[in-house]
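Structure data follow from run-v3.csv (CSV, C-alpha atoms):
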```csv
chain,number,residue,atom,x,y,z
A,146,MET,CA,85.0,127.0,124.7
A,147,GLN,CA,84.4,130.8,124.4
A,148,SER,CA,87.3,133.2,124.2
A,149,SER,CA,86.0,135.1,127.2
A,150,THR,CA,86.5,132.0,129.4
A,151,PRO,CA,89.0,132.9,132.2
A,152,ARG,CA,92.3,131.1,131.9
A,153,PRO,CA,94.8,130.3,134.7
A,154,PRO,CA,98.3,131.8,134.3
A,155,ALA,CA,100.2,130.1,131.5
A,156,PRO,CA,103.7,128.7,132.3
A,157,PRO,CA,106.7,130.7,131.1
A,158,ARG,CA,107.9,129.7,127.7
A,159,VAL,CA,110.9,127.4,127.5
A,160,PRO,CA,112.5,126.6,124.1
A,161,ARG,CA,111.3,123.2,122.9
A,162,THR,CA,113.8,120.9,121.4
A,163,VAL,CA,114.0,117.1,121.3
A,164,ARG,CA,117.1,115.8,123.1
A,165,LEU,CA,117.9,112.1,123.3
A,166,TYR,CA,120.1,110.1,125.6
A,167,PRO,CA,122.6,107.8,123.8
A,168,HIS,CA,120.7,104.6,124.8
A,169,GLN,CA,117.5,106.2,123.4
A,170,VAL,CA,119.3,106.9,120.1
A,171,VAL,CA,120.4,103.2,119.9
A,172,ALA,CA,116.9,101.9,120.7
A,173,LEU,CA,115.2,104.2,118.2
A,174,ALA,CA,117.7,103.3,115.5
A,175,LEU,CA,117.0,99.7,116.1
A,176,PHE,CA,113.2,100.1,116.1
A,177,GLY,CA,113.5,102.3,113.0
A,178,LEU,CA,115.6,99.7,111.2
A,179,ILE,CA,113.2,96.9,112.0
A,180,VAL,CA,110.3,98.9,110.8
A,181,LEU,CA,112.1,100.0,107.7
A,182,LEU,CA,113.2,96.5,106.8
A,183,ALA,CA,109.6,95.3,107.4
A,184,LEU,CA,108.3,98.0,105.1
A,185,LEU,CA,110.8,96.9,102.5
A,186,GLY,CA,109.5,93.3,102.8
A,187,VAL,CA,112.6,91.8,104.2
A,188,PHE,CA,110.7,89.8,106.9
A,189,GLY,CA,107.8,88.9,104.6
A,190,GLU,CA,107.0,85.8,102.7
A,191,SER,CA,108.6,85.3,99.4
A,192,ALA,CA,108.7,82.5,96.8
A,193,ALA,CA,111.4,81.5,94.3
A,194,MET,CA,111.5,79.4,91.2
A,195,THR,CA,114.1,77.0,90.0
A,196,GLU,CA,114.0,75.5,86.5
A,197,THR,CA,116.2,72.6,85.1
A,198,ARG,CA,116.1,70.6,81.9
A,199,ARG,CA,117.8,67.3,81.2
A,200,GLY,CA,116.9,64.8,78.5
A,201,ALA,CA,113.2,64.4,78.3
A,202,LEU,CA,112.6,66.2,81.5
A,203,ALA,CA,111.9,69.8,82.2
A,204,VAL,CA,111.4,70.4,85.9
A,205,ARG,CA,110.3,73.7,87.4
A,206,ILE,CA,110.0,74.1,91.2
A,207,ASP,CA,108.2,76.9,92.9
A,208,HIS,CA,109.2,76.9,96.5
A,209,PRO,CA,108.9,79.2,99.5
A,210,ALA,CA,112.1,81.2,99.8
A,211,ARG,CA,111.1,83.0,103.1
A,212,LEU,CA,108.3,82.5,105.4
A,213,ARG,CA,107.5,82.9,109.1
A,214,PHE,CA,107.1,80.2,111.8
A,215,GLN,CA,103.8,78.4,111.7
A,216,GLN,CA,102.9,80.0,108.3
A,217,TYR,CA,101.6,77.9,105.4
A,218,ALA,CA,103.4,77.7,102.2
A,219,ALA,CA,103.1,75.8,98.9
A,220,LEU,CA,105.7,73.9,97.1
A,221,ARG,CA,104.9,73.1,93.4
A,222,VAL,CA,106.8,70.8,91.1
A,223,ARG,CA,106.0,71.0,87.4
A,224,VAL,CA,107.3,68.1,85.4
A,225,GLY,CA,107.3,68.5,81.6
A,226,ASN,CA,108.0,65.9,79.0
A,227,THR,CA,110.1,67.5,76.2
A,228,SER,CA,110.6,64.3,74.2
A,229,ASN,CA,108.5,62.9,71.4
A,230,HIS,CA,107.5,59.8,73.3
A,231,PRO,CA,105.3,59.4,76.4
A,232,LEU,CA,106.9,58.9,79.8
A,233,ASP,CA,105.3,55.9,81.4
A,234,THR,CA,106.3,56.7,84.9
A,235,VAL,CA,108.0,59.7,86.5
A,236,ALA,CA,109.0,59.5,90.1
A,237,VAL,CA,109.2,62.7,92.0
A,238,THR,CA,111.2,62.3,95.2
A,239,PHE,CA,111.2,65.0,97.9
A,240,ASP,CA,114.0,65.4,100.4
A,241,THR,CA,112.9,63.7,103.6
A,242,ALA,CA,115.0,66.0,105.8
A,243,TYR,CA,113.4,69.1,104.2
A,244,ILE,CA,109.8,67.8,104.4
A,245,ASP,CA,110.4,66.8,108.1
A,246,ARG,CA,111.0,70.5,108.9
A,247,PHE,CA,107.3,71.2,108.2
A,248,GLU,CA,104.0,70.0,109.6
A,249,SER,CA,100.6,69.6,108.1
A,250,VAL,CA,102.2,68.3,104.9
A,251,ALA,CA,99.7,67.4,102.2
A,252,PHE,CA,100.7,66.1,98.8
A,253,THR,CA,98.6,66.3,95.7
A,254,PRO,CA,98.6,63.7,94.2
A,255,SER,CA,99.3,61.5,97.2
A,256,PRO,CA,102.7,59.8,97.4
A,257,GLU,CA,102.9,56.0,97.0
A,258,GLU,CA,105.7,55.8,99.6
A,259,ALA,CA,107.3,58.3,101.9
A,260,TYR,CA,107.7,61.4,99.9
A,261,VAL,CA,107.8,59.8,96.5
A,262,VAL,CA,105.0,60.7,94.1
A,263,LYS,CA,104.7,58.7,90.9
A,264,LEU,CA,103.3,60.3,87.8
A,265,THR,CA,102.2,58.1,85.0
A,266,ASP,CA,101.7,58.5,81.3
A,267,VAL,CA,103.1,61.9,80.8
A,268,PRO,CA,102.4,62.6,77.1
A,269,PRO,CA,105.0,64.3,74.8
A,270,GLY,CA,104.9,68.1,75.4
A,271,GLY,CA,102.6,67.5,78.4
A,272,THR,CA,103.2,68.6,82.0
A,273,ARG,CA,102.1,67.2,85.3
A,274,LEU,CA,102.0,69.0,88.7
A,275,VAL,CA,102.8,67.9,92.2
A,276,ASP,CA,101.6,70.3,94.9
A,277,VAL,CA,102.7,70.1,98.5
A,278,ALA,CA,101.1,72.2,101.2
A,279,LEU,CA,103.4,72.9,104.1
A,280,ARG,CA,103.4,74.6,107.5
A,281,ALA,CA,106.7,75.8,108.9
A,282,ASN,CA,107.4,74.0,112.1
A,283,ALA,CA,111.1,74.8,112.6
A,284,TYR,CA,112.9,78.1,112.1
A,285,GLY,CA,116.2,78.6,110.3
A,286,ARG,CA,117.5,77.8,106.9
A,287,HIS,CA,116.2,74.5,105.4
A,288,ARG,CA,118.0,73.1,102.4
A,289,GLY,CA,116.3,70.5,100.3
A,290,PHE,CA,116.0,69.0,96.9
A,291,VAL,CA,113.5,67.3,94.6
A,292,SER,CA,114.7,64.5,92.5
A,293,VAL,CA,112.7,63.6,89.3
A,294,THR,CA,113.4,60.3,87.5
A,295,ALA,CA,111.8,59.2,84.3
A,296,THR,CA,111.4,55.6,83.2
A,297,GLY,CA,113.9,56.2,80.3
A,298,GLY,CA,116.6,56.9,82.8
A,299,ASP,CA,116.6,60.7,82.6
A,300,SER,CA,117.0,62.1,86.1
A,301,VAL,CA,117.0,65.7,87.4
A,302,ARG,CA,117.9,66.8,90.9
A,303,VAL,CA,116.9,70.4,91.8
A,304,ALA,CA,118.2,71.9,95.1
A,305,PHE,CA,116.6,74.8,96.8
A,306,GLN,CA,116.3,76.4,100.2
A,307,THR,CA,113.7,78.0,102.5
A,308,PHE,CA,114.4,80.4,105.3
A,309,VAL,CA,111.9,80.3,108.1
A,310,PHE,CA,111.8,83.3,110.4
A,311,PRO,CA,111.2,82.5,114.1
B,117,MET,CA,104.9,95.5,105.7
B,118,GLU,CA,101.3,94.7,106.4
B,119,THR,CA,101.9,94.5,110.1
B,120,VAL,CA,103.4,98.0,110.2
B,121,VAL,CA,100.4,99.4,108.3
B,122,ARG,CA,98.0,97.6,110.6
B,123,ILE,CA,99.6,98.8,113.7
B,124,LEU,CA,99.7,102.4,112.4
B,125,VAL,CA,96.0,102.3,111.6
B,126,ILE,CA,95.1,100.9,115.0
B,127,TYR,CA,97.4,103.4,116.7
B,128,LEU,CA,95.8,106.4,114.9
B,129,LEU,CA,92.3,105.0,115.6
B,130,LEU,CA,93.1,104.7,119.3
B,131,LEU,CA,94.7,108.1,119.4
B,132,LEU,CA,91.6,109.7,117.8
B,133,GLY,CA,89.2,107.6,119.8
B,134,LEU,CA,90.7,108.3,123.1
B,135,ARG,CA,91.0,112.0,122.2
B,136,ALA,CA,87.4,112.1,121.2
B,137,MET,CA,86.2,110.4,124.4
B,138,GLY,CA,87.3,113.4,126.4
B,139,LYS,CA,89.6,114.1,129.3
B,140,ARG,CA,87.2,113.0,132.0
B,141,GLU,CA,87.2,109.4,130.8
B,142,PHE,CA,90.9,109.0,131.7
B,143,GLY,CA,90.6,110.3,135.2
B,144,GLN,CA,87.5,108.6,136.3
B,145,LEU,CA,86.1,105.5,134.7
B,146,SER,CA,82.8,104.0,135.7
B,147,PRO,CA,82.8,100.2,135.8
B,148,PHE,CA,81.0,100.1,132.5
B,149,GLU,CA,83.5,102.3,130.9
B,150,LEU,CA,86.4,100.3,132.3
B,151,VAL,CA,84.9,97.1,130.9
B,152,THR,CA,84.4,98.7,127.6
B,153,LEU,CA,88.0,99.9,127.4
B,154,LEU,CA,89.2,96.4,128.4
B,155,LEU,CA,87.4,95.1,125.3
B,156,ILE,CA,89.5,97.1,123.0
B,157,PRO,CA,92.7,94.9,123.2
B,158,GLU,CA,90.5,91.9,122.6
B,159,LEU,CA,89.0,93.4,119.6
B,160,ILE,CA,92.2,94.7,118.0
B,161,GLN,CA,94.5,91.8,118.8
B,162,GLN,CA,93.4,89.8,115.8
B,163,ALA,CA,93.4,92.8,113.5
B,164,GLY,CA,96.9,93.7,114.6
B,165,VAL,CA,98.7,90.3,114.0
B,166,ARG,CA,96.1,88.4,112.0
B,167,GLU,CA,96.9,84.7,112.2
B,168,ASP,CA,100.6,85.3,112.3
B,169,PHE,CA,101.8,84.5,115.8
B,170,SER,CA,105.5,84.3,114.9
B,171,LEU,CA,108.2,86.1,117.0
B,172,THR,CA,109.2,88.1,113.9
B,173,ASN,CA,105.7,89.5,113.6
B,174,ALA,CA,105.6,90.4,117.3
B,175,VAL,CA,109.0,92.1,117.0
B,176,ILE,CA,107.8,94.2,114.0
B,177,ALA,CA,104.5,95.1,115.8
B,178,VAL,CA,106.2,96.1,119.0
B,179,SER,CA,109.0,98.1,117.2
B,180,THR,CA,106.3,99.9,115.2
B,181,LEU,CA,104.4,100.7,118.3
B,182,PHE,CA,107.4,102.0,120.2
B,183,LEU,CA,108.4,104.1,117.2
B,184,LEU,CA,104.9,105.6,116.9
B,185,VAL,CA,104.8,106.4,120.6
B,186,PHE,CA,108.2,108.1,120.5
B,187,LEU,CA,107.4,110.1,117.4
B,188,THR,CA,104.1,111.2,118.9
B,189,SER,CA,105.9,112.2,122.1
B,190,ALA,CA,108.7,114.0,120.3
B,191,LEU,CA,106.3,115.9,118.0
B,192,ALA,CA,104.1,116.8,120.9
B,193,HIS,CA,107.2,118.1,122.8
B,194,ARG,CA,108.6,120.0,119.8
B,195,PHE,CA,105.3,121.6,118.6
B,196,SER,CA,102.9,122.9,121.2
B,197,GLY,CA,100.1,122.9,118.7
B,198,PHE,CA,100.5,119.2,118.2
B,199,GLU,CA,100.7,118.7,121.9
B,200,GLN,CA,97.4,120.4,122.3
B,201,PHE,CA,95.9,118.3,119.6
B,202,ILE,CA,97.1,115.1,121.2
B,203,ALA,CA,96.7,115.8,124.9
B,204,GLY,CA,94.3,118.8,124.9
B,205,SER,CA,94.6,121.7,127.3
B,206,PRO,CA,93.2,122.2,130.8
B,207,ALA,CA,89.5,123.0,130.9
B,208,VAL,CA,88.3,125.6,133.4
B,209,LEU,CA,85.3,124.3,135.3
B,210,ALA,CA,85.0,127.0,137.9
B,211,HIS,CA,86.7,130.4,138.5
B,212,ASP,CA,86.4,132.8,141.4
B,213,GLY,CA,83.6,130.9,143.0
B,214,ARG,CA,81.5,130.5,139.9
B,215,PHE,CA,80.8,127.4,137.8
B,216,LEU,CA,81.4,127.7,134.1
B,217,ALA,CA,78.4,125.7,132.9
B,218,ASP,CA,79.4,125.6,129.3
B,219,SER,CA,82.8,124.1,130.0
B,220,MET,CA,81.3,121.6,132.5
B,221,ASN,CA,78.8,120.4,130.0
B,222,HIS,CA,81.5,120.1,127.3
B,223,GLU,CA,83.6,118.0,129.6
B,224,ARG,CA,80.6,116.2,131.1
B,225,VAL,CA,81.5,117.1,134.7
B,226,SER,CA,78.7,117.6,137.2
B,227,ALA,CA,78.6,120.1,140.0
B,228,GLU,CA,78.5,117.1,142.4
B,229,GLU,CA,81.8,115.8,141.0
B,230,VAL,CA,83.4,119.2,141.5
B,231,TYR,CA,82.1,119.4,145.0
B,232,SER,CA,83.4,115.9,145.7
B,233,GLU,CA,86.9,117.1,144.6
B,234,LEU,CA,86.6,120.2,146.8
B,235,ARG,CA,85.9,118.1,149.8
B,236,LYS,CA,89.0,116.0,149.1
B,237,VAL,CA,91.2,119.1,149.5
B,238,GLY,CA,89.3,120.3,152.6
B,239,LEU,CA,86.9,122.8,151.0
B,240,VAL,CA,83.2,122.8,151.2
B,241,GLU,CA,82.0,125.7,149.2
B,242,LEU,CA,82.6,127.0,145.7
B,243,LYS,CA,83.3,130.5,147.0
B,244,GLN,CA,86.5,129.1,148.6
B,245,VAL,CA,87.8,128.3,145.2
B,246,ARG,CA,89.9,130.4,142.8
B,247,TRP,CA,90.2,127.8,140.0
B,248,VAL,CA,88.8,124.3,139.3
B,249,LEU,CA,90.6,122.8,136.3
B,250,LEU,CA,90.1,119.6,134.5
B,251,GLU,CA,93.6,118.7,133.6
B,252,PRO,CA,94.4,116.9,130.3
B,253,ASP,CA,95.1,113.6,132.2
B,254,GLY,CA,91.5,113.7,133.5
B,255,ARG,CA,92.2,114.7,137.1
B,256,ILE,CA,90.5,117.7,138.6
B,257,ALA,CA,92.8,120.3,140.1
B,258,VAL,CA,91.4,122.6,142.8
B,259,ILE,CA,93.2,125.9,143.6
B,260,PRO,CA,91.7,127.5,146.6
B,261,ARG,CA,91.5,131.3,147.1
B,262,ARG,CA,93.8,132.8,149.6
B,263,ARG,CA,92.1,133.0,153.0
B,264,SER,CA,91.9,136.8,152.8
B,265,GLU,CA,90.2,136.6,149.4
B,266,HIS,CA,87.2,134.6,150.5
B,267,SER,CA,86.8,135.8,154.0
B,268,GLY,CA,86.8,139.5,153.1
B,269,ARG,CA,84.2,139.3,150.3
B,270,ALA,CA,80.5,138.6,150.3
B,271,PRO,CA,79.7,135.1,149.0
B,272,GLU,CA,79.2,135.0,145.3
B,273,LYS,CA,76.2,133.5,143.8
B,274,GLU,CA,76.9,130.2,142.2
B,275,ALA,CA,75.9,129.1,138.8
B,276,THR,CA,74.4,125.7,138.6
```
Output the file's structure in the form of structure tokens.
Amino acid sequence: MQSSTPRPPAPPRVPRTVRLYPHQVVALALFGLIVLLALLGVFGESAAMTETRRGALAVRIDHPARLRFQQYAALRVRVGNTSNHPLDTVAVTFDTAYIDRFESVAFTPSPEEAYVVKLTDVPPGGTRLVDVALRANAYGRHRGFVSVTATGGDSVRVAFQTFVFP
Amino acid sequence: METVVRILVIYLLLLLGLRAMGKREFGQLSPFELVTLLLIPELIQQAGVREDFSLTNAVIAVSTLFLLVFLTSALAHRFSGFEQFIAGSPAVLAHDGRFLADSMNHERVSAEEVYSELRKVGLVELKQVRWVLLEPDGRIAVIPRRRSEHSGRAPEKEAT
């Protein structure tokens, strides 16, 4: 618009400052805290790793540490044979209570019975993987374990936990 | 973190988009414009929350939105320049019985619309008017001349 355009009278100047009522301060602090924590990744997905060795078995578990409700996650069990002889059968047993907290659970390889995956012929120095795809179906802290038992008698139990945000 | 960034981008996009549309769009929407605006939530809903329909994500998104709205409001109140950038300033459509064609064309307001607003306040001619302003909220404000002003003078010739 041109500068010659007539303008209606302007209002008198009043000093402009931002004043807040106490309840607004509380609400803004809360919103600010939520946004800050979100920016820091507190509410985001995260994974954790737990590793244990016993006898011929070296077991590493990559599990979801935090995820949100209805989100997908992956649980991976890596079983290694640290002995000089092959392991004929290694049974990987997943905690039923933990797995039942999730839906759309898919095991690779498939379990022979409820939540027990059997790995065969693990060569010396070799590793085998068990992948489990999960979808969080219940919120809260879920504690679980994976138990790995080799034919020779070695057995490893690894506990872990996953927190599911609502 | 991604939700905060997504909401921030959408907020800035809406802020700029609505600002660019002009003041008139807020005050008087045609059915087509109304339907078009109603499409916006549908289009941005997926972009805002992706496939994450958790309560946590909703809390983060709403908190981010409230914070942005408050920050915008506080900055606009504190700094008049920012307020003008966000809300704009009133546009003068007519003054002392004359249309300001350049301003009307910028704001996409027709003479018929101005006359329609005059009739709503009991006026029938432009010469009865001291100011016609398009306010930042999209409404048209009509300030009539004092009775002595327009009865004592010869009628002024109107612009288009």
Name the residues in contact with range 276-291 of chain A at a cut-off of 10 Å, using only C-alpha atoms, excluding same-chain residues fewer than 4 positions from it; report them as a ChimeraX atom specification.
/A:204,206-223,237-255,260-261,301-311
List the spatial neighbours of Ser226 in chain B as a PDB file with C-alpha atoms, in the frame of the given file - criterion: any atom at most 12 Å away, only C-alpha atoms, same-chain residues fewer than 6 positions off excluded.
```pdb
ATOM      1  CA  ARG B 140      87.200 113.000 132.000  1.00  0.00           C
ATOM      2  CA  LEU B 209      85.300 124.300 135.300  1.00  0.00           C
ATOM      3  CA  ALA B 210      85.000 127.000 137.900  1.00  0.00           C
ATOM      4  CA  PHE B 215      80.800 127.400 137.800  1.00  0.00           C
ATOM      5  CA  LEU B 216      81.400 127.700 134.100  1.00  0.00           C
ATOM      6  CA  ALA B 217      78.400 125.700 132.900  1.00  0.00           C
ATOM      7  CA  ASP B 218      79.400 125.600 129.300  1.00  0.00           C
ATOM      8  CA  SER B 219      82.800 124.100 130.000  1.00  0.00           C
ATOM      9  CA  MET B 220      81.300 121.600 132.500  1.00  0.00           C
ATOM     10  CA  SER B 232      83.400 115.900 145.700  1.00  0.00           C
ATOM     11  CA  GLU B 233      86.900 117.100 144.600  1.00  0.00           C
ATOM     12  CA  LEU B 250      90.100 119.600 134.500  1.00  0.00           C
ATOM     13  CA  ILE B 256      90.500 117.700 138.600  1.00  0.00           C
ATOM     14  CA  ALA B 275      75.900 129.100 138.800  1.00  0.00           C
ATOM     15  CA  THR B 276      74.400 125.700 138.600  1.00  0.00           C
TER      16      THR B 276
END
```
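Compared by their closest atoms to chain A, and using all atoms listed in the file, the residues B:Leu249, B:Val225, B:Val165, B:Ile202 rank with B:Leu249 nearest.
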Contacts from chain A to chain B, 12 Å maximum, all atoms listed in the file: show me the residue list as number ranges by chain.
A: 146-155, 158-165, 169-170, 172-190, 212-217, 281-284, 309-311
Report, in Å to a single decimal, how far apart CA of Val235 in chain A and CA of Ala192 in chain A are.
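For CA of Ala192 in chain A relative to CA of Val235 in chain A, the distance reads 25.0 Å.
Computed from the coordinates, the CA of Arg224 in chain B to CA of Leu132 in chain B distance equals 18.4 Å.
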Ser205 in chain B proximity check over B:Leu128, B:Asp253, B:Ile259, B:Leu134, using all atoms listed in the file: winner is B:Asp253
For CA of Gly270 in chain A and CA of Ser228 in chain A, determine how far apart the two atoms are, in Å to one decimal place.
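Straight-line distance from CA of Gly270 in chain A to CA of Ser228 in chain A works out to 7.0 Å.
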Rank A:Arg273, A:Ala236, A:Gly225, A:Arg199 by their smallest atom-to-atom distance to Glu258 in chain A, using all atoms listed in the file, and report the top residue only.
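Nearest to Glu258 in chain A: A:Ala236.
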With all atoms listed in the file as the atoms that count, which of B:Val258, B:Pro147, B:Glu251, B:Gly213 lies nearest to Val230 in chain B?
B:Val258
